[in-house]
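The block underneath contains the structure these notes are about, expressed in structure tokens.
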Amino acid sequence: MAKNALIEIGTEELPASYVEEASSSFSAIFKNFLETNLLHFSSIDYYYTPRRIALIIKGLQEKQKDRIIEIKGPPEKFAKIDGKWSKQVLAFAHSRGILIKDLSIKKSKKGSFVFGKKIEKGRKTKDLIKKSLEEIIKKIPFPRYMRWEKTGFNFARPIRWLVVIMGKEVISVSIAGVKSGKFTRGHSFLSTRKKLEVTPENYTKILEKEYVIVDQHKRKSTIEKMIKKEASNLGGKALIPNDLLLEVTNLVEYPRSITGKLSEDFLSLPPDVVMTAMESHQRYFPIQKNNRLLPYFIAIINTKPNKKIIKGNEGVLVSRLDDAKFYFEEDRKISLKERFNKLDEITFQEGLGTMKDKVNRMLELASELKKYIGFKNYVVREGIKLSKTDLTTLMIRDGKEFTNLEGKIGYYYAVDEGIPNDIAMVIYEHYLPRFSGDNLPKTIEGAVVGILDRLDSIVASFIRGFKPTGSKDPMGVRRLANGLIEIVLKFKFSIPLEKILNYAGKLFTKNFDSSEVAEFFKDRIARVFETNGIPYDIVRAIVAVDISDLSFSLEKARVLKEWKEQNIDEYKRLIIGQKRVANILKGFSKKSFPQVELFIEKTEKDLFAKTVDLEKKLQTFLKEKNSRKILTNLLSLIPTIDKFFDDVLVMTDDKKIRENRLSLLKYVREQFLKYGDLSLIVIEGGE
């Protein structure tokens with residue numbers, strides 16, 4: 001018979017950033033436990049608040065099914081004496097509880113052995129849970145752990161109560177000194193009852209009566225409706241960033257909304273400053289009308305509203321905005337252009353000079369990049385000079401709450417000073433994208449300065465030895481590289497990236513070798529291309545030979561993937577052929593063009609003639625960036641290559657003939673390398 005089960009871990013207040021991952025992981029770990037133990041269930045749902053993590057398992061069978069297992073015994077040669085089971089076999093059967101009638105001899109991969117069958121009785125589900133629950137809970141991942149009691153149990157916060165029920169029966173366990181029971185707790189100060197008796201069926205309803213909305217989805221929906229209603233009542237529209245909504249959802253058990261008011265004087269500050277003070281610091285939701293901020297905010301609290309709470313929230317926000325207003329007014333006394341020399345007071349990276357040095361390197365690198373990208377030179381150069389000046393402002397340097405506004409503050413100050421908008425946009429846009437999924441620059445000049453900034457920072461990190469390894473990336477180099485790649489793809493820039501990386505590195509040190517950074521970029525490019533649905537091996541084959549035109553590389557990868565899906569047999573033939581050519585050329589480094597007079601067989605003459613003709617066609621198609629025609633023409637050479645291998649002995653004893661045939665294959669391979677190194681592609685099931 002199937003029953004419903006409930007497991008709840010009650011804790012002291014968990015950080016908002018912990019609960020979602022911990023709860024989903026708990027569910028996944030417990031599900032794996034059930035499946036491993038062959039315990040059938042209908043569904044498993046997880047719930048959480050800041051003070052609890054819970055699972056409800058529906059339709060959980062009461063015990064494992066009995067099953068017949070087969071146990072291997074002695075080899076056949078020891079099985080019988082005079083047609084009867086040997087003492088060795090009888091001892092094996094007795095030790096394993098196997099009946100004589102259930103013995104037999106069977107063949108296996110390692111020979112013939114005696115096998116015995118026996119029925120393994122299924123264990124009760126409650127006994128399995130009782131035995132394993134502590135280890136399951138130990139596996140729940142948290143960024144940090146605590147120890148708070150004598151058993152030394154690790155968890156994010158102290159465990160204060162534990163509910164473990166199957167049907168109506170409590171499964172008795174003790175974890176971190178806390179014994180399981182059937183009682184949970186309501187809201188920490190709104191609930192009128194100290195203990196709440198629950199079952200898997202009434203769990204969510206009982207808690208809601210005692211001011212706990214344990215279903216996080218319902219809590220989130222409730223909060224969103226409250227915010228929208230409050231904003232509508234004020235004639236505006238609430239700004240509800242999803243990350244903030246999730247954080248607030250994870251902070252409360254019984255959400256209620258309040259509306260606070262602030263002086264309209266604060267609206268003279270840049271909107272991002274006001275919104276940052278509301279959202280990032282206080283977790284409030286701003287309200288807009290006609291794209292302008294209103295002097296109100298909405299806060300979600302974990303109790304019933306009153307005037308004192310509203311006044312307290314208003315006071316905290318006003319204090320932060322007072323600081324911001326002071327910074328803003330003081331900063332405006334010094335222009336951004338005057339701040340340029342102050343960049344010498346800010347270290348870029350230890351041992352690599354100041355921010356002014358970085359800006360000067362960006363200016364020099366801009367001159368090199370101008371050879372490959374068309375942009376407004378004056379706008380880029382002025383934008384570079386001002387791009388980091390807001391780092392010297394009080395708002396960014398001293399206003400710790402506003403450091404995430406670098407670039408935005410520079411933009412607002414530039415506009416306020418009357419600096420042309422295209423230059424001001426460079427200050428703002430060169431930081432985009434700040435994170436995965438963020439907006440990209442809209443102007444070419446903003447994109448160019450963003451590339452220059454990232455190139456300099458990435459190269460600097462490699463020079464200092466801060467290259468990403470495994471999960472470690474202290475300088476955020478992967479994020480910088482991903483942003484650069486996204487920018488290049490959006491604007492379809494064609495840049496000799498390896499050459500530019502080398503140039504950027506030599507601005508630090510003449511001995512710089514760009515090969516390691518280039519390999520890192522190839523891996524990052526492959527990862528970004530993968531998000532476009534391209535298999536990793538195809539991407540790797542394309543970027544292995546060229547990373548100067550990423551848009552064209554992505555198109556080549558897409559076309560090759562499409563052709564693979566439509567012509568799998570020909571695809572395998574192509575890849576295997578290229579692997580064969582690559583393998584036979586290993587160790588052959590002679591730089592020589594094949595000599596026609598040394599050709600003997602008709603097939604090698606044909607292959608050479610067709611490759612010469614192919615090379616001419618490819619020149620045109622490469623200029624047109626027509627990946628389909630390039631691939632189609634390369635494919636036309638496959639039958640001739642196959643025939644060449646059938647008819648011609650490449651590794652002949654005659655050194656001149658052998659080297660000429662290798663030169664021919666190298667010439668052929670050079671044409672395919674214009675598309676990608678197809679020998680790197682993996683063929684499923686071997687080659």
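So you can find residues: chains in the structure tokens are A, B, ... in the order shown, residues in each start at 1, and ligands are numbered from 1 in order.
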(request) List every residue of region 427-458 of chain A that DSSP, applied to the backbone of this structure, places in alpha helix (DSSP H), and write the result as a ChimeraX atom specification. (result) /A:427-429,444-458
Expected file: the selected residues, N, CA and C atoms, as a tab-separated table (two decimals), in the first residue's frame:
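Generated output (selection-v9.tsv):
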chain	number	residue	atom	x	y	z
A	427	ILE	N	31.26	55.77	-22.06
A	427	ILE	CA	31.56	55.55	-20.64
A	427	ILE	C	30.60	54.50	-20.07
A	428	TYR	N	29.34	54.61	-20.44
A	428	TYR	CA	28.33	53.67	-19.93
A	428	TYR	C	28.42	52.31	-20.61
A	429	GLU	N	28.49	52.31	-21.94
A	429	GLU	CA	28.36	51.07	-22.69
A	429	GLU	C	29.58	50.17	-22.63
A	444	ILE	N	28.85	51.41	-31.95
A	444	ILE	CA	30.14	50.78	-32.32
A	444	ILE	C	31.24	51.27	-31.40
A	445	GLU	N	31.23	52.55	-31.08
A	445	GLU	CA	32.29	53.11	-30.24
A	445	GLU	C	32.26	52.52	-28.83
A	446	GLY	N	31.06	52.36	-28.27
A	446	GLY	CA	30.94	51.73	-26.96
A	446	GLY	C	31.43	50.29	-26.99
A	447	ALA	N	31.10	49.59	-28.10
A	447	ALA	CA	31.54	48.20	-28.27
A	447	ALA	C	33.05	48.12	-28.37
A	448	VAL	N	33.65	49.01	-29.14
A	448	VAL	CA	35.10	49.00	-29.35
A	448	VAL	C	35.84	49.21	-28.03
A	449	VAL	N	35.42	50.20	-27.25
A	449	VAL	CA	36.09	50.48	-25.97
A	449	VAL	C	35.86	49.32	-25.00
A	450	GLY	N	34.69	48.68	-25.08
A	450	GLY	CA	34.44	47.50	-24.26
A	450	GLY	C	35.40	46.37	-24.60
A	451	ILE	N	35.69	46.19	-25.89
A	451	ILE	CA	36.66	45.17	-26.33
A	451	ILE	C	38.06	45.51	-25.83
A	452	LEU	N	38.46	46.77	-25.99
A	452	LEU	CA	39.79	47.20	-25.55
A	452	LEU	C	39.98	46.99	-24.05
A	453	ASP	N	38.98	47.37	-23.28
A	453	ASP	CA	39.03	47.23	-21.82
A	453	ASP	C	39.20	45.76	-21.43
A	454	ARG	N	38.41	44.90	-22.06
A	454	ARG	CA	38.46	43.47	-21.73
A	454	ARG	C	39.77	42.83	-22.16
A	455	LEU	N	40.24	43.18	-23.36
A	455	LEU	CA	41.51	42.63	-23.83
A	455	LEU	C	42.63	42.95	-22.84
A	456	ASP	N	42.69	44.19	-22.41
A	456	ASP	CA	43.75	44.61	-21.49
A	456	ASP	C	43.64	43.87	-20.16
A	457	SER	N	42.44	43.75	-19.63
A	457	SER	CA	42.25	43.09	-18.33
A	457	SER	C	42.54	41.59	-18.40
A	458	ILE	N	42.12	40.96	-19.49
A	458	ILE	CA	42.35	39.52	-19.64
A	458	ILE	C	43.84	39.21	-19.75
Per residue of region 6-48 of chain A within 12 Å of region 216-227 of chain A, note the shortest atom pair and the distance in Å to one decimal, counting only C-alpha atoms, and order the rows by chain and increasing residue number, as a Markdown table.
| residue | atom | partner | partner_atom | distance |
| --- | --- | --- | --- | --- |
| A:Val19 | CA | A:Gln216 | CA | 10.3 |
| A:Glu20 | CA | A:Gln216 | CA | 9.1 |
| A:Ser23 | CA | A:Gln216 | CA | 10.7 |
| A:Ser24 | CA | A:Gln216 | CA | 11.9 |
| A:Asp45 | CA | A:Gln216 | CA | 11.3 |
| A:Tyr46 | CA | A:Gln216 | CA | 9.2 |
| A:Tyr47 | CA | A:Gln216 | CA | 6.3 |
| A:Tyr48 | CA | A:Gln216 | CA | 6.2 |
Write the residues of the selection above to a file with C-alpha atoms, as an mmCIF file, in the first residue's frame.
data_model
loop_
_atom_site.group_PDB
_atom_site.id
_atom_site.type_symbol
_atom_site.label_atom_id
_atom_site.label_comp_id
_atom_site.auth_asym_id
_atom_site.auth_seq_id
_atom_site.Cartn_x
_atom_site.Cartn_y
_atom_site.Cartn_z
ATOM 1 C CA VAL A 19 17.311 28.108 0.387
ATOM 2 C CA GLU A 20 16.400 27.510 -3.270
ATOM 3 C CA SER A 23 15.778 22.621 -1.222
ATOM 4 C CA SER A 24 16.028 21.492 -4.840
ATOM 5 C CA ASP A 45 7.747 18.232 -4.169
ATOM 6 C CA TYR A 46 9.983 20.543 -2.191
ATOM 7 C CA TYR A 47 8.992 23.617 -0.175
ATOM 8 C CA TYR A 48 11.008 26.207 1.674
#
(request) Would you mind telling me which residue in A:Thr652, A:Ser335, A:Asn154, A:Asn250 lies nearest to Pro15 (chain A) when using only C-alpha atoms? (result) A:Asn250
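With only C-alpha atoms as the atoms that count, the minimum distance from Thr603 (chain A) to the choices A:Glu35, A:Asp569, A:Asp66, A:Asp647 is reached by A:Asp647.
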(request) Grab the CA of Val415 (chain A) to CA of Gly374 (chain A) distance for me, in Å with one decimal place. (result) 25.2 Å
(message) Restricting the calculation to only C-alpha atoms: of A:Phe26, A:Val214, A:Phe78, A:Lys228, which residue gets closest to Phe142 (chain A)?
(response) A:Phe26
(request) For region 177-183 of chain A, work out the shell of residues within 7 Å, counting only C-alpha atoms and skipping chain neighbours fewer than 4 positions away, then give it as number ranges by chain. (result) A: 160-165, 170, 172-173, 195-198
Could the residues in this selection be saved with N, CA and C atoms as a PDB file, in the first residue's frame?
ATOM      1  N   ARG A 160      16.465  23.139  14.571  1.00  0.00           N
ATOM      2  CA  ARG A 160      15.708  23.301  15.813  1.00  0.00           C
ATOM      3  C   ARG A 160      14.538  22.328  15.949  1.00  0.00           C
ATOM      4  N   TRP A 161      14.022  21.815  14.837  1.00  0.00           N
ATOM      5  CA  TRP A 161      12.979  20.787  14.917  1.00  0.00           C
ATOM      6  C   TRP A 161      13.027  19.943  13.648  1.00  0.00           C
ATOM      7  N   LEU A 162      12.408  18.791  13.731  1.00  0.00           N
ATOM      8  CA  LEU A 162      12.476  17.831  12.636  1.00  0.00           C
ATOM      9  C   LEU A 162      11.155  17.070  12.560  1.00  0.00           C
ATOM     10  N   VAL A 163      10.537  17.084  11.382  1.00  0.00           N
ATOM     11  CA  VAL A 163       9.300  16.331  11.151  1.00  0.00           C
ATOM     12  C   VAL A 163       9.607  15.233  10.136  1.00  0.00           C
ATOM     13  N   VAL A 164       9.358  13.977  10.528  1.00  0.00           N
ATOM     14  CA  VAL A 164       9.545  12.849   9.605  1.00  0.00           C
ATOM     15  C   VAL A 164       8.340  11.924   9.777  1.00  0.00           C
ATOM     16  N   ILE A 165       7.425  11.975   8.816  1.00  0.00           N
ATOM     17  CA  ILE A 165       6.170  11.233   8.918  1.00  0.00           C
ATOM     18  C   ILE A 165       5.943  10.440   7.635  1.00  0.00           C
ATOM     19  N   VAL A 170       5.142   8.478  12.792  1.00  0.00           N
ATOM     20  CA  VAL A 170       6.413   9.195  12.884  1.00  0.00           C
ATOM     21  C   VAL A 170       7.556   8.201  12.708  1.00  0.00           C
ATOM     22  N   SER A 172      11.131   7.517  13.602  1.00  0.00           N
ATOM     23  CA  SER A 172      11.978   8.012  14.693  1.00  0.00           C
ATOM     24  C   SER A 172      13.439   8.107  14.266  1.00  0.00           C
ATOM     25  N   VAL A 173      13.949   9.340  14.203  1.00  0.00           N
ATOM     26  CA  VAL A 173      15.367   9.583  13.927  1.00  0.00           C
ATOM     27  C   VAL A 173      15.836  10.713  14.833  1.00  0.00           C
ATOM     28  N   LYS A 195       3.309  24.671  18.953  1.00  0.00           N
ATOM     29  CA  LYS A 195       3.482  23.459  18.167  1.00  0.00           C
ATOM     30  C   LYS A 195       2.278  23.240  17.265  1.00  0.00           C
ATOM     31  N   LEU A 196       2.535  22.756  16.062  1.00  0.00           N
ATOM     32  CA  LEU A 196       1.469  22.493  15.101  1.00  0.00           C
ATOM     33  C   LEU A 196       1.581  21.043  14.651  1.00  0.00           C
ATOM     34  N   GLU A 197       0.583  20.239  14.956  1.00  0.00           N
ATOM     35  CA  GLU A 197       0.600  18.843  14.506  1.00  0.00           C
ATOM     36  C   GLU A 197       0.199  18.792  13.032  1.00  0.00           C
ATOM     37  N   VAL A 198       1.035  18.136  12.231  1.00  0.00           N
ATOM     38  CA  VAL A 198       0.793  18.119  10.783  1.00  0.00           C
ATOM     39  C   VAL A 198       0.836  16.693  10.240  1.00  0.00           C
TER      40      VAL A 198
END
Please report, as a tab-separated table, each residue of region 386-479 of chain A lying at most 12 Å from region 311-324 of chain A, together with the nearest pair of atoms and the separation in Å rounded to one decimal; use only C-alpha atoms, and order rows by chain and ascending residue number.
residue	atom	partner	partner_atom	distance
A:Thr393	CA	A:Ala324	CA	11.5
A:Leu394	CA	A:Ala324	CA	9.0
A:Met395	CA	A:Ala324	CA	6.8
A:Ile396	CA	A:Ala324	CA	10.1
A:Asp398	CA	A:Asp323	CA	10.2
A:Gly399	CA	A:Ala324	CA	7.4
A:Lys400	CA	A:Ala324	CA	10.4
A:Glu401	CA	A:Arg320	CA	8.6
A:Phe402	CA	A:Ala324	CA	8.4
A:Thr403	CA	A:Ala324	CA	11.7
A:Ile409	CA	A:Ala324	CA	11.5
Print the selection's residues with N, CA and C atoms to a file, as a CSV table (one decimal), in the first residue's frame.
chain,number,residue,atom,x,y,z
A,393,THR,N,35.5,59.1,-8.2
A,393,THR,CA,34.4,59.9,-7.5
A,393,THR,C,34.1,59.4,-6.2
A,394,LEU,N,33.5,60.2,-5.3
A,394,LEU,CA,33.1,59.8,-4.0
A,394,LEU,C,32.0,58.7,-4.1
A,395,MET,N,31.1,58.9,-5.1
A,395,MET,CA,30.0,58.0,-5.3
A,395,MET,C,30.5,56.5,-5.5
A,396,ILE,N,31.6,56.4,-6.3
A,396,ILE,CA,32.1,55.0,-6.6
A,396,ILE,C,33.2,54.6,-5.6
A,398,ASP,N,34.1,56.0,-2.5
A,398,ASP,CA,33.7,56.0,-1.1
A,398,ASP,C,32.3,55.5,-0.8
A,399,GLY,N,31.4,55.6,-1.7
A,399,GLY,CA,30.1,55.2,-1.5
A,399,GLY,C,29.9,53.7,-1.8
A,400,LYS,N,30.3,52.9,-0.8
A,400,LYS,CA,30.4,51.4,-1.1
A,400,LYS,C,29.1,50.8,-1.6
A,401,GLU,N,28.0,51.4,-1.3
A,401,GLU,CA,26.7,50.9,-1.7
A,401,GLU,C,26.5,51.1,-3.2
A,402,PHE,N,27.3,52.0,-3.8
A,402,PHE,CA,27.1,52.4,-5.2
A,402,PHE,C,28.2,51.9,-6.2
A,403,THR,N,29.1,51.1,-5.7
A,403,THR,CA,30.2,50.7,-6.6
A,403,THR,C,29.8,50.0,-7.9
A,409,ILE,N,27.4,56.0,-13.4
A,409,ILE,CA,27.7,57.3,-12.8
A,409,ILE,C,28.5,58.2,-13.7
(message) So that I can see what lies close to Lys121 (chain A), please list as a PyMOL selection string the residues with an atom at most 8 Å from it, counting only C-alpha atoms and leaving out residues fewer than 5 positions away in the same chain.
(response) chain A and resi 64-67
Could the residues in this selection be saved with N, CA and C atoms as a PDB file, in the first residue's frame?
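Produced file part36.pdb, reproduced below:
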ATOM      1  N   GLN A  64       9.995  -2.346   0.000  1.00  0.00           N
ATOM      2  CA  GLN A  64      10.533  -2.821  -1.266  1.00  0.00           C
ATOM      3  C   GLN A  64       9.853  -4.122  -1.657  1.00  0.00           C
ATOM      4  N   LYS A  65       9.752  -4.385  -2.938  1.00  0.00           N
ATOM      5  CA  LYS A  65       9.241  -5.675  -3.395  1.00  0.00           C
ATOM      6  C   LYS A  65      10.305  -6.751  -3.154  1.00  0.00           C
ATOM      7  N   ASP A  66       9.846  -7.949  -2.815  1.00  0.00           N
ATOM      8  CA  ASP A  66      10.787  -9.069  -2.747  1.00  0.00           C
ATOM      9  C   ASP A  66      11.357  -9.289  -4.141  1.00  0.00           C
ATOM     10  N   ARG A  67      12.603  -9.718  -4.195  1.00  0.00           N
ATOM     11  CA  ARG A  67      13.183  -9.966  -5.516  1.00  0.00           C
ATOM     12  C   ARG A  67      14.094 -11.183  -5.476  1.00  0.00           C
TER      13      ARG A  67
END
(message) Env of Thr632 (chain A): 12 Å cut, atoms = only C-alpha atoms, seq-sep filter 6 positions within chain, self excluded. Answer as a VMD selection string.
(response) chain A and resid 556 559 to 560 563 570 to 571 574 614 617 to 618 621 626 638 672 675
Only C-alpha atoms, please: the residues just picked out, written as a compact mmCIF listing (two decimals), in the first residue's frame.
# COMPACT_ATOMS: atom_id res chain seq x y z
CA LYS A 556 30.39 27.59 -40.77
CA VAL A 559 26.17 24.76 -41.82
CA LEU A 560 28.37 21.77 -40.93
CA TRP A 563 24.78 18.96 -43.21
CA GLU A 570 28.68 11.22 -46.00
CA TYR A 571 29.56 13.23 -42.89
CA LEU A 574 34.32 13.16 -44.72
CA LEU A 614 39.23 24.03 -55.82
CA LYS A 617 37.01 28.68 -56.20
CA LEU A 618 37.57 28.84 -52.46
CA PHE A 621 33.73 31.95 -51.71
CA ASN A 626 29.65 31.75 -48.38
CA ILE A 638 36.07 13.49 -51.31
CA PHE A 672 40.00 21.87 -45.84
CA TYR A 675 36.85 25.63 -43.28
Region 282-448 of chain A: residues DSSP assigns to strand (DSSP E or B), reported as an mmCIF file with C-alpha atoms, in the first residue's frame:
data_model
loop_
_atom_site.group_PDB
_atom_site.id
_atom_site.type_symbol
_atom_site.label_atom_id
_atom_site.label_comp_id
_atom_site.auth_asym_id
_atom_site.auth_seq_id
_atom_site.Cartn_x
_atom_site.Cartn_y
_atom_site.Cartn_z
ATOM 1 C CA PHE A 285 10.644 48.140 -5.248
ATOM 2 C CA PRO A 286 10.681 51.541 -7.037
ATOM 3 C CA ILE A 287 7.625 52.962 -8.774
ATOM 4 C CA GLN A 288 7.613 54.729 -12.138
ATOM 5 C CA LYS A 289 5.136 56.753 -14.108
ATOM 6 C CA ARG A 292 10.048 58.769 -14.357
ATOM 7 C CA LEU A 293 10.512 57.718 -10.755
ATOM 8 C CA LEU A 294 7.792 58.592 -8.275
ATOM 9 C CA PRO A 295 8.739 59.567 -4.676
ATOM 10 C CA TYR A 296 7.505 56.239 -3.293
ATOM 11 C CA PHE A 297 8.735 52.727 -2.713
ATOM 12 C CA ILE A 298 7.125 49.388 -1.870
ATOM 13 C CA ALA A 299 8.653 47.101 0.751
ATOM 14 C CA ILE A 300 7.776 43.530 1.643
ATOM 15 C CA ILE A 301 7.833 42.778 5.343
ATOM 16 C CA THR A 347 46.021 50.778 -8.739
ATOM 17 C CA THR A 354 47.656 52.404 -12.262
#
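Nearest to Leu336 (chain A) of all the residues A:Leu386, A:Ala79, A:Val379, A:Ala582 is A:Leu386, counting only C-alpha atoms.
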(message) I'd like the neighbourhood of region 522-528 of chain A as a ChimeraX atom specification, where a residue qualifies if any of its atoms comes within 8 Å (using only C-alpha atoms), though same-chain residues fewer than 2 positions away should be ignored.
(response) /A:478,481-482,485,518-520,530-532,536,539-540,543-544,547
Pull N, CA and C atoms from the residues just selected and write them as an mmCIF file, in the first residue's frame.
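Output saved as result_6.cif:
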data_model
loop_
_atom_site.group_PDB
_atom_site.id
_atom_site.type_symbol
_atom_site.label_atom_id
_atom_site.label_comp_id
_atom_site.auth_asym_id
_atom_site.auth_seq_id
_atom_site.Cartn_x
_atom_site.Cartn_y
_atom_site.Cartn_z
ATOM 1 N N ARG A 478 36.740 34.612 -17.331
ATOM 2 C CA ARG A 478 35.779 33.949 -18.230
ATOM 3 C C ARG A 478 34.626 34.890 -18.580
ATOM 4 N N ALA A 481 35.839 37.461 -21.084
ATOM 5 C CA ALA A 481 36.007 36.887 -22.421
ATOM 6 C C ALA A 481 34.657 36.629 -23.077
ATOM 7 N N ASN A 482 33.710 36.093 -22.308
ATOM 8 C CA ASN A 482 32.370 35.840 -22.859
ATOM 9 C C ASN A 482 31.723 37.134 -23.348
ATOM 10 N N ILE A 485 33.339 38.220 -26.615
ATOM 11 C CA ILE A 485 32.881 37.377 -27.730
ATOM 12 C C ILE A 485 31.466 37.765 -28.155
ATOM 13 N N ALA A 518 45.325 32.727 -26.319
ATOM 14 C CA ALA A 518 44.576 32.380 -27.527
ATOM 15 C C ALA A 518 43.849 31.042 -27.347
ATOM 16 N N GLU A 519 44.519 30.064 -26.737
ATOM 17 C CA GLU A 519 43.875 28.770 -26.483
ATOM 18 C C GLU A 519 42.696 28.925 -25.527
ATOM 19 N N PHE A 520 42.892 29.789 -24.517
ATOM 20 C CA PHE A 520 41.802 30.073 -23.587
ATOM 21 C C PHE A 520 40.612 30.658 -24.348
ATOM 22 N N GLU A 530 28.431 26.816 -28.281
ATOM 23 C CA GLU A 530 27.609 25.698 -27.814
ATOM 24 C C GLU A 530 26.223 26.164 -27.379
ATOM 25 N N THR A 531 26.166 27.379 -26.821
ATOM 26 C CA THR A 531 24.865 27.907 -26.392
ATOM 27 C C THR A 531 23.960 28.179 -27.591
ATOM 28 N N ASN A 532 24.527 28.161 -28.795
ATOM 29 C CA ASN A 532 23.744 28.305 -30.021
ATOM 30 C C ASN A 532 23.336 26.940 -30.578
ATOM 31 N N TYR A 536 30.052 20.555 -29.361
ATOM 32 C CA TYR A 536 31.369 21.080 -28.986
ATOM 33 C C TYR A 536 32.451 20.670 -29.978
ATOM 34 N N VAL A 539 32.337 22.820 -33.136
ATOM 35 C CA VAL A 539 32.818 24.172 -32.832
ATOM 36 C C VAL A 539 34.335 24.180 -32.699
ATOM 37 N N ARG A 540 34.858 23.208 -31.954
ATOM 38 C CA ARG A 540 36.300 23.144 -31.722
ATOM 39 C C ARG A 540 37.055 23.009 -33.038
ATOM 40 N N VAL A 543 36.981 26.613 -34.729
ATOM 41 C CA VAL A 543 37.768 27.680 -34.099
ATOM 42 C C VAL A 543 39.242 27.312 -33.956
ATOM 43 N N ALA A 544 39.570 26.017 -34.138
ATOM 44 C CA ALA A 544 40.972 25.596 -33.995
ATOM 45 C C ALA A 544 41.874 26.263 -35.021
ATOM 46 N N ILE A 547 40.255 32.347 -35.439
ATOM 47 C CA ILE A 547 39.340 33.060 -34.542
ATOM 48 C C ILE A 547 39.327 34.551 -34.893
#
(message) Please list as an MDAnalysis selection string every residue within 12 Å of region 635-637 of chain A, counting only C-alpha atoms and excluding residues in the same chain fewer than 6 positions away.
(response) chainID A and resid 560 563 567 570:575 577:578 606:615 628:629 643:644 668:669 671:672 675
Put those residues in a file: C-alpha atoms, as a compact mmCIF listing (two decimals), in the first residue's frame.
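The result, written out as part.txt:
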# COMPACT_ATOMS: atom_id res chain seq x y z
CA LEU A 560 28.37 21.77 -40.93
CA TRP A 563 24.78 18.96 -43.21
CA ASN A 567 23.82 13.39 -44.55
CA GLU A 570 28.68 11.22 -46.00
CA TYR A 571 29.56 13.23 -42.89
CA LYS A 572 31.29 10.23 -41.34
CA ARG A 573 33.10 9.56 -44.62
CA LEU A 574 34.32 13.16 -44.72
CA ILE A 575 35.56 13.16 -41.13
CA GLY A 577 38.96 10.86 -44.55
CA GLN A 578 40.27 14.02 -42.90
CA ASP A 606 43.65 14.13 -60.89
CA LEU A 607 43.75 14.97 -57.19
CA PHE A 608 46.30 17.70 -57.76
CA ALA A 609 44.43 19.23 -60.72
CA LYS A 610 41.11 19.24 -58.85
CA THR A 611 42.72 20.74 -55.75
CA VAL A 612 44.25 23.57 -57.80
CA ASP A 613 40.81 24.27 -59.29
CA LEU A 614 39.23 24.03 -55.82
CA GLU A 615 41.69 26.53 -54.35
CA ARG A 628 27.64 26.55 -47.94
CA LYS A 629 29.51 26.85 -51.25
CA LYS A 643 40.33 6.92 -54.89
CA PHE A 644 43.80 8.33 -54.24
CA VAL A 668 44.74 19.10 -49.97
CA ARG A 669 44.54 19.43 -46.19
CA GLN A 671 42.13 23.65 -48.44
CA PHE A 672 40.00 21.87 -45.84
CA TYR A 675 36.85 25.63 -43.28
(message) Taking only C-alpha atoms into account, name the residue in A:Asn242, A:Ser387, A:Ser679, A:Gln349 that is nearest to Met362 (chain A).
(response) A:Ser387
(request) Between CA of Glu135 (chain A) and CA of Tyr18 (chain A), measure the distance and give it in Å to one decimal. (result) 19.4 Å
